[in-house]
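Worksheet for the structure shown next.
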Amino acid sequence: MGQAIEAGRGLIVVANKWDQIEARGGEAQEYRKDMQARFPFMVDYPILCSSGLTGKGVWACLRESVRTWETRRQRVPTARLNKFMTTVLASTPPAGKLDVRVYYITQHGVAPPTFVAFVNHPKQIPEPYKRFVENHLRREFGFAGTPVRILFRRNRRGAET
């Protein structure tokens with residue numbers, strides 16, 4: 001799973017032979033919670049249950065595959081991203097000694113969705129804040145099933161020295 005995410009691929013986890021688990025009283029929601037507890041990064045990726053024997057969940061896997069493919073190619077307009085970033089910064093600005101300013105954010109690419117935020121001090125943005133922004137991007141724009149990359153770059157025009 002980690003290799004797929006690092007490679008920027010979409011990821012769907014499918015537990016097969018679910019007919020055998022259900023026969024023993026297993027619940028899909030319980031299984032998902034257990035997987036997310038073991039692998040916290042899985043909160044952002046679909047976890048499905050299926051049975052090749054009964055066919056249960058197979059169509060859901062196919063639908064989720066198509067949805068993930070579409071999500072990986074989704075584009076977000078720069079105006080919406082900047083409005084989003086203004087809201088995020090207003091609610092929780094980056095912590096630190098320097099006054100970190102985000103001048104603007106834009107989508108650089110798809111598959112996986114990649115964003116570039118132009119800031120005055122990119123090295124001063126802590127990793128937890130980068131994950132915070134990523135999580136908010138995921139929720140706001142529906143990037144389930146795909147890695148999201150955010151690059152923080154120094155704004156060359158008008159940046160303070």
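In the structure tokens, chains take the letters A, B, ... in the order shown, each chain's residues start at 1, and ligands count up from 1 in the order shown.
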
### Task
Name all residues at most 8 Å from segment 108-123 of chain A (count only C-alpha atoms; drop same-chain ones fewer than 2 positions away) and give them as a list of chain:residue names.
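After dropping sequence-adjacent residues, the list is A:Gly8, A:Arg9, A:Gly10, A:Arg72, A:Arg73, A:Gln74, A:Arg75, A:Leu98, A:Val100, A:Arg101, A:Val102, A:Tyr103, A:Tyr104, A:Ile105, A:Thr106, A:Ile125, A:Pro126, A:Thr146, A:Pro147, A:Val148, A:Arg149, A:Ile150, A:Leu151, A:Phe152, A:Arg153, A:Arg154, A:Asn155, A:Ala159, A:Glu160.
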
### Task
Going by DSSP on the backbone, which bits of segment 25-87 of chain A are alpha helix (DSSP H)? Write them as a PyMOL selection string, please.
chain A and resi 28-38+58-72+78-87

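Nearest residue to Val88 of chain A among A:Val133, A:Gly52, A:Val58, A:Arg67 is A:Val133, counting only C-alpha atoms.
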
Pick out each residue of segment 5-55 of chain A that DSSP on the backbone tags as strand (DSSP E); I need them as a CSV table (one decimal) with N, CA and C atoms, in the first residue's frame.
```
chain,number,residue,atom,x,y,z
A,13,VAL,N,-8.5,-0.7,-1.3
A,13,VAL,CA,-8.3,-2.0,-0.6
A,13,VAL,C,-9.5,-2.8,-0.7
A,14,VAL,N,-9.4,-4.0,-1.1
A,14,VAL,CA,-10.5,-4.9,-1.3
A,14,VAL,C,-10.2,-6.2,-0.5
A,15,ALA,N,-11.1,-6.5,0.5
A,15,ALA,CA,-11.0,-7.7,1.3
A,15,ALA,C,-11.9,-8.8,0.6
A,47,ILE,N,-12.0,1.2,1.5
A,47,ILE,CA,-11.8,-0.2,2.0
A,47,ILE,C,-13.1,-0.9,1.7
A,48,LEU,N,-13.1,-1.8,0.8
A,48,LEU,CA,-14.3,-2.5,0.3
A,48,LEU,C,-14.2,-4.0,0.7
A,49,CYS,N,-15.3,-4.6,0.8
A,49,CYS,CA,-15.4,-6.1,1.0
A,49,CYS,C,-16.2,-6.7,-0.1
```

### Query
Can you tell me, as number ranges by chain, what residues are no more than 10 Å from Tyr31 of chain A when counting only C-alpha atoms, ignoring any on the same chain fewer than 2 positions away?
A: 15, 21, 26-29, 33-37, 47-49

### Message
Ranking A:Leu81, A:Leu89, A:Ile12, A:Val76 by minimum distance to Cys61 of chain A and counting only C-alpha atoms, which one comes first?
### Response
A:Ile12

#### Entry: One-decimal distance in Å that lies between atom CA of Phe41 of chain A and atom CA of Ile5 of chain A
9.8 Å

### Message
Using only C-alpha atoms, which protein or nucleic acid residues come within 10 Å of Tyr129 of chain A? Drop anything in the same chain fewer than 5 positions from it, and give the result as a PyMOL selection string.
### Response
chain A and resi 92-95+134-135

Generate a file of the selected residues that holds N, CA and C atoms, formatted as a compact mmCIF listing (two decimals), in the first residue's frame.
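Everything below was put into part26.txt:
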```txt
# COMPACT_ATOMS: atom_id res chain seq x y z
N THR A 92 -6.70 28.23 10.89
CA THR A 92 -5.51 27.70 11.56
C THR A 92 -4.27 28.11 10.78
N PRO A 93 -3.65 29.24 11.14
CA PRO A 93 -2.43 29.65 10.44
C PRO A 93 -1.26 28.75 10.83
N PRO A 94 -0.22 28.67 9.98
CA PRO A 94 0.94 27.84 10.32
C PRO A 94 1.62 28.39 11.56
N ALA A 95 2.01 27.47 12.44
CA ALA A 95 2.72 27.87 13.66
C ALA A 95 4.19 28.10 13.33
N GLU A 134 -3.15 19.18 3.36
CA GLU A 134 -3.50 18.05 2.49
C GLU A 134 -4.84 17.44 2.90
N ASN A 135 -5.03 17.21 4.19
CA ASN A 135 -6.29 16.62 4.67
C ASN A 135 -7.48 17.51 4.35
```

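Each of A:Gln107, A:Gln124, A:Ser65, A:Gln3 was checked against Pro77 of chain A using only C-alpha atoms; the smallest atom-to-atom distance is that of A:Gln107.
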